[in-house]
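File shown: data.csv (CSV, C-alpha atoms).
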chain,number,residue,atom,x,y,z
A,190,MET,CA,0.0,0.0,0.0
A,191,ILE,CA,1.5,3.3,-1.1
A,192,LYS,CA,0.9,6.1,1.5
A,193,ILE,CA,0.4,9.6,0.0
A,194,ILE,CA,0.4,13.1,1.3
A,195,LEU,CA,-1.6,15.3,-1.1
A,196,CYS,CA,-0.8,19.0,-1.2
A,197,GLY,CA,-3.6,21.1,-2.5
A,198,CYS,CA,-6.1,18.4,-1.5
A,199,ASN,CA,-9.2,20.7,-1.5
A,200,GLY,CA,-8.5,22.2,-4.9
A,201,LYS,CA,-10.1,20.9,-8.1
A,202,MET,CA,-7.3,18.5,-8.9
A,203,GLY,CA,-6.9,17.6,-5.3
A,204,GLN,CA,-10.5,16.4,-5.2
A,205,VAL,CA,-10.1,14.5,-8.4
A,206,ILE,CA,-7.0,12.7,-7.0
A,207,SER,CA,-8.8,12.0,-3.8
A,208,GLU,CA,-11.6,10.2,-5.7
A,209,ILE,CA,-9.1,8.2,-7.8
A,210,VAL,CA,-7.1,7.1,-4.8
A,211,GLY,CA,-10.3,6.3,-2.9
A,212,ASN,CA,-11.0,3.6,-5.5
A,213,ASP,CA,-7.4,2.3,-5.7
A,214,ALA,CA,-6.6,-0.7,-3.6
A,215,GLU,CA,-2.9,-0.1,-3.9
A,216,ALA,CA,-2.8,3.5,-2.6
A,217,GLN,CA,-4.1,5.6,0.3
A,218,ILE,CA,-4.0,9.3,1.1
A,219,VAL,CA,-2.9,9.6,4.7
A,220,ALA,CA,-2.9,13.4,4.9
A,221,GLY,CA,-3.8,16.5,2.9
A,222,ILE,CA,-2.3,20.0,2.9
A,223,ASP,CA,-4.5,22.9,2.1
A,224,LEU,CA,-5.3,26.4,3.5
A,225,ASN,CA,-8.9,25.2,3.6
A,226,THR,CA,-8.5,22.6,6.3
A,227,GLU,CA,-12.0,21.0,5.9
A,228,ALA,CA,-11.6,17.2,5.9
A,229,LYS,CA,-13.8,16.3,2.9
A,230,ASN,CA,-12.4,12.8,2.2
A,231,GLY,CA,-11.8,11.1,5.5
A,232,TYR,CA,-8.1,12.0,5.9
A,233,PRO,CA,-6.8,14.8,8.1
A,234,VAL,CA,-6.0,18.2,6.4
A,235,PHE,CA,-3.2,20.5,7.6
A,236,ALA,CA,-2.9,24.2,6.7
A,237,GLN,CA,0.9,24.0,6.5
A,238,ILE,CA,3.2,21.2,5.3
A,239,THR,CA,5.3,21.7,8.5
A,240,ASP,CA,2.2,20.8,10.6
A,241,CYS,CA,1.9,17.4,9.0
A,242,ASN,CA,2.9,14.5,11.3
A,243,ARG,CA,1.8,11.6,9.2
A,244,GLU,CA,4.3,9.1,7.8
A,245,ALA,CA,4.1,8.6,4.0
A,246,ASP,CA,5.9,7.0,1.0
A,247,VAL,CA,5.4,9.9,-1.4
A,248,MET,CA,3.9,13.3,-1.8
A,249,ILE,CA,1.8,14.6,-4.7
A,250,ASP,CA,1.7,18.4,-5.2
A,251,PHE,CA,-1.1,20.2,-7.0
A,252,SER,CA,-0.9,23.4,-5.0
A,253,HIS,CA,0.8,26.8,-5.7
A,254,PRO,CA,4.3,27.9,-6.6
A,255,SER,CA,4.4,30.1,-3.5
A,256,VAL,CA,4.8,27.1,-1.2
A,257,LEU,CA,7.4,25.3,-3.3
A,258,SER,CA,10.4,26.1,-1.0
A,259,GLU,CA,8.6,24.8,2.1
A,260,MET,CA,7.5,21.6,0.3
A,261,LEU,CA,11.0,20.9,-1.0
A,262,GLN,CA,12.5,21.4,2.4
A,263,TYR,CA,9.9,19.0,4.0
A,264,SER,CA,10.5,16.4,1.3
A,265,ILE,CA,14.3,16.5,1.9
A,266,GLU,CA,14.0,16.5,5.7
A,267,LYS,CA,11.6,13.6,5.8
A,268,GLN,CA,13.1,11.9,2.7
A,269,ILE,CA,9.7,11.6,1.1
A,270,PRO,CA,9.8,11.6,-2.8
A,271,LEU,CA,7.8,14.3,-4.4
A,272,VAL,CA,5.6,14.2,-7.5
A,273,LEU,CA,5.6,17.9,-8.5
A,274,CYS,CA,2.5,18.8,-10.6
A,275,THR,CA,2.3,22.5,-9.9
A,276,THR,CA,2.9,24.6,-13.0
A,277,GLY,CA,4.0,28.3,-13.4
A,278,LEU,CA,7.3,27.8,-11.7
A,279,SER,CA,9.9,30.5,-12.3
A,280,GLN,CA,13.4,29.6,-13.7
A,281,GLU,CA,14.8,30.3,-10.3
A,282,GLN,CA,12.3,27.8,-8.7
A,283,ILE,CA,13.1,25.2,-11.4
A,284,GLU,CA,16.8,25.5,-10.4
A,285,GLU,CA,15.7,25.1,-6.7
A,286,VAL,CA,13.9,21.8,-7.7
A,287,LYS,CA,17.0,20.5,-9.5
A,288,LYS,CA,19.1,21.3,-6.4
A,289,ALA,CA,16.6,19.5,-4.1
A,290,ALA,CA,16.6,16.5,-6.4
A,291,LYS,CA,20.2,15.8,-5.5
A,292,GLN,CA,18.9,14.9,-2.0
A,293,VAL,CA,15.5,13.3,-2.7
A,294,ALA,CA,13.6,11.8,-5.6
A,295,ILE,CA,11.5,14.4,-7.5
A,296,LEU,CA,9.3,13.8,-10.5
A,297,ARG,CA,8.3,16.9,-12.4
A,298,SER,CA,6.3,17.1,-15.7
A,299,ALA,CA,4.6,19.8,-17.7
A,300,ASN,CA,1.6,17.5,-18.1
A,301,MET,CA,0.8,14.4,-16.1
A,302,SER,CA,-1.3,12.8,-18.8
A,303,LEU,CA,0.0,9.4,-20.0
A,304,GLY,CA,-1.3,10.2,-23.5
A,305,ILE,CA,0.5,13.5,-23.7
A,306,ASN,CA,3.8,11.8,-22.7
A,307,ILE,CA,3.4,9.2,-25.4
A,308,LEU,CA,2.7,12.0,-27.8
A,309,LEU,CA,6.0,13.7,-26.8
A,310,LYS,CA,7.8,10.6,-28.0
A,311,LEU,CA,5.8,10.1,-31.2
A,312,ILE,CA,6.3,13.7,-32.5
A,313,GLN,CA,10.0,13.4,-32.1
A,314,GLU,CA,10.1,10.4,-34.5
A,315,ALA,CA,7.8,12.3,-36.9
A,316,ALA,CA,10.0,15.4,-36.8
A,317,LYS,CA,13.2,13.5,-37.5
A,318,ILE,CA,11.7,12.3,-40.8
A,319,LEU,CA,9.4,15.1,-41.8
A,320,ALA,CA,11.3,18.3,-40.9
A,321,PRO,CA,14.4,17.4,-43.0
A,322,ALA,CA,11.9,16.7,-45.9
A,323,GLY,CA,10.7,20.3,-45.7
A,324,PHE,CA,7.6,20.0,-43.5
A,325,ASP,CA,6.7,23.0,-41.4
A,326,MET,CA,5.8,22.3,-37.8
A,327,GLU,CA,3.0,24.1,-36.0
A,328,ILE,CA,1.3,23.6,-32.6
A,329,VAL,CA,-2.2,24.7,-31.8
A,330,GLU,CA,-3.5,24.4,-28.2
A,331,ARG,CA,-7.0,25.0,-26.9
A,332,HIS,CA,-8.1,25.5,-23.4
A,333,HIS,CA,-11.1,26.9,-21.4
A,334,ASN,CA,-11.7,30.6,-21.0
A,335,GLN,CA,-10.5,30.7,-17.4
A,336,LYS,CA,-6.9,29.6,-18.1
A,337,LEU,CA,-4.5,32.4,-17.3
A,338,ASP,CA,-1.3,31.5,-19.1
A,339,ALA,CA,-0.7,31.2,-22.8
A,340,PRO,CA,0.7,29.2,-24.5
A,341,SER,CA,0.2,26.3,-22.2
A,342,GLY,CA,3.1,24.6,-20.5
A,343,THR,CA,2.2,21.5,-22.4
A,344,ALA,CA,2.4,23.3,-25.7
A,345,LEU,CA,5.9,24.5,-24.8
A,346,ALA,CA,6.9,21.0,-23.8
A,347,LEU,CA,5.7,19.7,-27.2
A,348,ALA,CA,7.7,22.4,-28.9
A,349,ASP,CA,10.8,21.5,-26.8
A,350,SER,CA,10.4,17.9,-27.8
A,351,LEU,CA,10.2,18.8,-31.5
A,352,ASN,CA,13.2,21.1,-31.1
A,353,ALA,CA,15.2,18.5,-29.3
A,354,ALA,CA,14.7,16.1,-32.2
A,355,MET,CA,16.2,18.7,-34.5
A,356,ASN,CA,19.2,19.4,-32.2
A,357,ASP,CA,17.7,22.6,-30.9
A,358,THR,CA,18.1,24.4,-34.2
A,359,TYR,CA,14.5,25.9,-34.3
A,360,PHE,CA,13.0,28.9,-32.6
A,361,TYR,CA,9.4,29.6,-31.5
A,362,LYS,CA,7.0,32.0,-33.1
A,363,TYR,CA,4.0,33.1,-31.0
A,364,ASP,CA,2.7,36.0,-32.9
A,365,ARG,CA,2.6,36.7,-36.7
A,366,SER,CA,0.8,40.0,-36.5
A,367,ALA,CA,3.8,42.0,-35.5
A,368,GLU,CA,5.6,41.7,-38.8
A,369,ARG,CA,4.7,41.2,-42.5
A,370,ALA,CA,7.0,38.4,-43.6
A,371,LYS,CA,7.0,34.9,-45.0
A,372,ARG,CA,7.3,32.0,-42.6
A,373,ASN,CA,10.8,31.1,-41.6
A,374,GLY,CA,11.7,27.4,-42.2
A,375,LYS,CA,13.3,27.1,-38.8
A,376,GLU,CA,10.4,28.3,-36.7
A,377,ILE,CA,7.9,26.3,-34.7
A,378,GLY,CA,4.6,28.2,-34.6
A,379,ILE,CA,2.6,28.0,-31.4
A,380,SER,CA,-1.0,29.3,-31.3
A,381,ALA,CA,-3.3,29.5,-28.3
A,382,VAL,CA,-7.1,29.4,-28.3
A,383,ARG,CA,-9.2,30.2,-25.2
A,384,GLY,CA,-12.9,29.5,-25.0
A,385,GLY,CA,-15.8,27.8,-23.2
A,386,THR,CA,-15.0,24.8,-21.0
A,387,ILE,CA,-12.4,23.1,-23.2
A,388,VAL,CA,-10.3,21.0,-20.8
A,389,GLY,CA,-7.3,20.8,-23.1
A,390,GLU,CA,-6.5,20.1,-26.7
A,391,HIS,CA,-3.0,20.0,-28.3
A,392,GLU,CA,-2.5,19.5,-32.0
A,393,ILE,CA,0.8,19.1,-33.8
A,394,ILE,CA,0.7,19.9,-37.5
A,395,PHE,CA,3.4,18.8,-40.0
A,396,ALA,CA,2.6,20.7,-43.2
A,397,GLY,CA,4.5,19.7,-46.3
A,398,ARG,CA,4.1,20.2,-50.0
A,399,ASP,CA,0.6,18.8,-50.9
A,400,GLU,CA,0.3,16.8,-47.7
A,401,VAL,CA,-0.4,17.4,-44.0
A,402,VAL,CA,0.2,15.1,-41.0
A,403,GLU,CA,-1.6,15.9,-37.8
A,404,LEU,CA,-1.2,14.3,-34.3
A,405,LYS,CA,-3.6,15.4,-31.6
A,406,HIS,CA,-4.4,14.8,-28.0
A,407,THR,CA,-7.8,15.7,-26.4
A,408,ALA,CA,-8.4,15.8,-22.7
A,409,TYR,CA,-12.1,15.3,-21.8
A,410,SER,CA,-11.7,15.6,-18.1
A,411,LYS,CA,-9.1,16.5,-15.4
A,412,ALA,CA,-9.2,12.9,-14.3
A,413,ILE,CA,-6.5,12.0,-16.9
A,414,PHE,CA,-4.0,14.3,-15.1
A,415,GLY,CA,-5.0,12.8,-11.7
A,416,ASN,CA,-4.6,9.2,-13.0
A,417,GLY,CA,-1.1,10.1,-14.3
A,418,ALA,CA,-0.1,11.7,-11.0
A,419,VAL,CA,-1.2,8.6,-9.0
A,420,GLN,CA,0.7,6.3,-11.4
A,421,ALA,CA,3.7,8.6,-11.0
A,422,ALA,CA,3.5,8.4,-7.2
A,423,LYS,CA,3.4,4.6,-7.3
A,424,PHE,CA,6.5,4.7,-9.6
A,425,LEU,CA,8.4,7.2,-7.4
A,426,ALA,CA,7.9,5.7,-4.0
A,427,GLY,CA,11.2,4.2,-2.9
A,428,LYS,CA,13.3,5.7,-5.7
A,429,ALA,CA,16.8,7.1,-5.1
A,430,ALA,CA,17.4,10.9,-5.2
A,431,GLY,CA,17.3,12.4,-8.7
A,432,ILE,CA,15.1,14.2,-11.1
A,433,TYR,CA,12.5,12.1,-12.9
A,434,ASP,CA,9.7,12.8,-15.4
A,435,MET,CA,6.7,10.9,-16.9
A,436,SER,CA,8.9,9.3,-19.6
A,437,ASP,CA,10.4,7.3,-16.8
A,438,VAL,CA,6.9,6.2,-15.7
A,439,ILE,CA,5.8,5.0,-19.1
A,440,GLY,CA,9.2,3.4,-19.9
Hey, can you dump this file as structure tokens for me?
Amino acid sequence: MIKIILCGCNGKMGQVISEIVGNDAEAQIVAGIDLNTEAKNGYPVFAQITDCNREADVMIDFSHPSVLSEMLQYSIEKQIPLVLCTTGLSQEQIEEVKKAAKQVAILRSANMSLGINILLKLIQEAAKILAPAGFDMEIVERHHNQKLDAPSGTALALADSLNAAMNDTYFYKYDRSAERAKRNGKEIGISAVRGGTIVGEHEIIFAGRDEVVELKHTAYSKAIFGNGAVQAAKFLAGKAAGIYDMSDVIG
């Protein structure tokens, strides 16, 4: 039985994960961390990570970047591996995560979906064949009208995956309205759409002469991210210090 501390337990994703783990015979949430300390799911909830006195095998974080330092310190002191799902980290915070990973196991991913992480691999194989053949590469991402950041972290991760396949020789183009010019062959275009209640769609377009190849992932609910986080927690429990990502989970 994998014992989990869930940070951000009373947020939307925290409640999704609580339901998933509640139906999983191999995992149990032993404590939650949230400013709202209401115990909604049968486990104790603490306002601060430092207040938590429960033993656990792994932590899952879906909280806020502002509490990152405290969470990393707790993870190191207690030697509890951390599945870090919170997005919007600054470059300085990312460096802080890398430093902490020298002392404890940390898994960080721009998107916890198993499908997205398979897609990251598939588009690399496609890019290696199609880009040298003259195909242009574009990414279109769509999300609900309440999402604050654009482009999404997942869209950037997809772009980075394409770029890595091409030895980082491409640059990213976010806005074509600022200049009147033909498309540069070394650019990866990234477009963001915001509307309605779209959970998340990411489309990668390889456009060549007289043919187009499209690879697409659609999220129909937040449960896919919760499922991925729980699978990541099971994988990370007991792992040695180091930085991991979802590619390690899916093998």
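With only C-alpha atoms taken into account, the protein and nucleic acid residues at most 8 Å from A:Ala316 (excluding it and anything under 5 positions from it in its own chain) are Pro321, Leu351, Ala354 and Met355 of chain A.
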*How many Å separate atom CA of A:Gly197 from atom CA of A:Leu303?*
21.4 Å
*What's the 12 Å shell around stretch 392-397 of chain A, counting only C-alpha atoms, without same-chain residues fewer than 2 positions away, as number ranges by chain?*
A: 305, 308-309, 311-313, 315-332, 343-348, 350-351, 374, 377-382, 389-390, 399-408
*asked:* Taking 6 positions as the minimum chain separation for residues in the same chain, which residues sit within 9 Å of A:Lys428 when counting all atoms listed in the file? Answer as a list in words.
replied: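 Within the cut-off, the hits are Pro270, Val293 and Ala294 of chain A.
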Could you save the residues just selected, with C-alpha atoms, as a PDB file, in the coordinates of the input?
ATOM      1  CA  PRO A 270       9.800  11.600  -2.800  1.00  0.00           C
ATOM      2  CA  VAL A 293      15.500  13.300  -2.700  1.00  0.00           C
ATOM      3  CA  ALA A 294      13.600  11.800  -5.600  1.00  0.00           C
TER       4      ALA A 294
END
Find the residues of stretch 229-317 of chain A that sit at most 9 Å from stretch 337-342 of chain A; for each, write down the nearest two atoms and how far apart they are in Å, to one decimal. Count all atoms listed in the file. Sort by chain, then by number going up, and give it as a tab-separated table.
residue	atom	partner	partner_atom	distance
A:Thr276	CA	A:Gly342	CA	7.5
A:Gly277	CA	A:Gly342	CA	8.1
A:Ala299	CA	A:Gly342	CA	5.8
A:Asn300	CA	A:Gly342	CA	7.6
Export of the given selection (C-alpha atoms) as a compact mmCIF listing (two decimals), keeping the file's coordinate frame:
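Output file result.txt is given in full below:
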# COMPACT_ATOMS: atom_id res chain seq x y z
CA THR A 276 2.90 24.60 -13.00
CA GLY A 277 4.00 28.30 -13.40
CA ALA A 299 4.60 19.80 -17.70
CA ASN A 300 1.60 17.50 -18.10
Counting only C-alpha atoms, find the residues whose atoms lie at most 9 Å from (-8.5, 17.3, -17.2) (file coordinates) and write them out as a compact mmCIF listing (two decimals) with C-alpha atoms, keeping the file's coordinate frame.
# COMPACT_ATOMS: atom_id res chain seq x y z
CA MET A 202 -7.30 18.50 -8.90
CA SER A 302 -1.30 12.80 -18.80
CA VAL A 388 -10.30 21.00 -20.80
CA GLY A 389 -7.30 20.80 -23.10
CA ALA A 408 -8.40 15.80 -22.70
CA TYR A 409 -12.10 15.30 -21.80
CA SER A 410 -11.70 15.60 -18.10
CA LYS A 411 -9.10 16.50 -15.40
CA ALA A 412 -9.20 12.90 -14.30
CA ILE A 413 -6.50 12.00 -16.90
CA PHE A 414 -4.00 14.30 -15.10
CA GLY A 415 -5.00 12.80 -11.70
*Might you pull out every residue within 7 Å of stretch 228-232 of chain A, with all atoms listed in the file counted and same-chain residues fewer than 3 positions away left off, and present them as a count of residues only?*
4
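Distances here use all atoms listed in the file; by that measure, the residue among A:Met435, A:Leu224, A:Ile249, A:Val256 closest to A:Val272 is A:Ile249.
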*Kindly give the distance, in Å, that separates atom CA of A:His333 and atom CA of A:Ala418, rounded to a single decimal.*
21.5 Å
*Determine the nearest neighbour of A:Ile439 from the options A:Lys336, A:Lys371, A:Lys310, A:Lys192, counting only C-alpha atoms.*
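Between A:Lys336, A:Lys371, A:Lys310, A:Lys192, the residue approaching A:Ile439 most closely is A:Lys310.
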Add whatever atoms are absent from stretch 213-224 of chain A to reach all heavy atoms, and provide the output as a short mmCIF file (atom, residue, chain, number, x, y, z; two decimals), in the frame of the given file.
data_model
loop_
_atom_site.label_atom_id
_atom_site.label_comp_id
_atom_site.auth_asym_id
_atom_site.auth_seq_id
_atom_site.Cartn_x
_atom_site.Cartn_y
_atom_site.Cartn_z
N ASP A 213 -8.63 3.04 -5.39
CA ASP A 213 -7.40 2.30 -5.70
C ASP A 213 -6.97 1.47 -4.54
O ASP A 213 -6.63 2.02 -3.49
CB ASP A 213 -6.31 3.30 -6.13
CG ASP A 213 -5.10 2.64 -6.75
OD1 ASP A 213 -4.80 1.49 -6.38
OD2 ASP A 213 -4.44 3.27 -7.59
N ALA A 214 -6.95 0.17 -4.70
CA ALA A 214 -6.60 -0.70 -3.60
C ALA A 214 -5.11 -0.69 -3.27
O ALA A 214 -4.69 -1.20 -2.22
CB ALA A 214 -7.00 -2.16 -3.95
N GLU A 215 -4.30 -0.06 -4.14
CA GLU A 215 -2.90 -0.10 -3.90
C GLU A 215 -2.35 1.26 -3.34
O GLU A 215 -1.14 1.39 -3.09
CB GLU A 215 -2.14 -0.30 -5.27
CG GLU A 215 -2.47 -1.64 -5.90
CD GLU A 215 -1.79 -1.81 -7.24
OE1 GLU A 215 -1.22 -0.82 -7.75
OE2 GLU A 215 -1.82 -2.93 -7.78
N ALA A 216 -3.22 2.22 -3.12
CA ALA A 216 -2.80 3.50 -2.60
C ALA A 216 -3.76 4.08 -1.59
O ALA A 216 -4.95 3.73 -1.58
CB ALA A 216 -2.66 4.50 -3.80
N GLN A 217 -3.24 4.95 -0.73
CA GLN A 217 -4.10 5.60 0.30
C GLN A 217 -3.52 6.97 0.62
O GLN A 217 -2.31 7.16 0.74
CB GLN A 217 -4.01 4.73 1.60
CG GLN A 217 -4.75 5.34 2.78
CD GLN A 217 -4.48 4.58 4.07
OE1 GLN A 217 -3.62 3.71 4.13
NE2 GLN A 217 -5.22 4.92 5.11
N ILE A 218 -4.41 7.96 0.70
CA ILE A 218 -4.00 9.30 1.10
C ILE A 218 -4.08 9.34 2.65
O ILE A 218 -5.14 9.13 3.23
CB ILE A 218 -4.91 10.38 0.51
CG1 ILE A 218 -4.80 10.35 -1.02
CG2 ILE A 218 -4.52 11.76 1.04
CD1 ILE A 218 -5.76 11.29 -1.72
N VAL A 219 -2.93 9.60 3.28
CA VAL A 219 -2.90 9.60 4.70
C VAL A 219 -3.01 11.00 5.32
O VAL A 219 -3.28 11.16 6.50
CB VAL A 219 -1.58 8.94 5.25
CG1 VAL A 219 -1.56 7.47 4.88
CG2 VAL A 219 -0.34 9.66 4.71
N ALA A 220 -2.80 12.03 4.46
CA ALA A 220 -2.90 13.40 4.90
C ALA A 220 -3.03 14.34 3.73
O ALA A 220 -2.51 14.04 2.65
CB ALA A 220 -1.76 13.83 5.81
N GLY A 221 -3.72 15.46 3.95
CA GLY A 221 -3.80 16.50 2.90
C GLY A 221 -3.24 17.79 3.47
O GLY A 221 -3.23 18.02 4.68
N ILE A 222 -2.78 18.65 2.53
CA ILE A 222 -2.30 20.00 2.90
C ILE A 222 -3.09 20.99 2.10
O ILE A 222 -3.14 20.93 0.86
CB ILE A 222 -0.78 20.14 2.56
CG1 ILE A 222 0.03 18.95 3.09
CG2 ILE A 222 -0.27 21.47 3.11
CD1 ILE A 222 0.00 18.77 4.59
N ASP A 223 -3.72 21.94 2.82
CA ASP A 223 -4.50 22.90 2.10
C ASP A 223 -4.86 24.06 3.12
O ASP A 223 -5.07 23.79 4.31
CB ASP A 223 -5.81 22.32 1.58
CG ASP A 223 -6.39 23.12 0.42
OD1 ASP A 223 -6.89 24.24 0.66
OD2 ASP A 223 -6.33 22.64 -0.72
N LEU A 224 -4.91 25.30 2.63
CA LEU A 224 -5.30 26.40 3.50
C LEU A 224 -6.74 26.23 3.99
O LEU A 224 -7.10 26.65 5.09
CB LEU A 224 -5.18 27.74 2.72
CG LEU A 224 -3.75 28.20 2.43
CD1 LEU A 224 -3.76 29.48 1.61
CD2 LEU A 224 -2.96 28.40 3.72
#
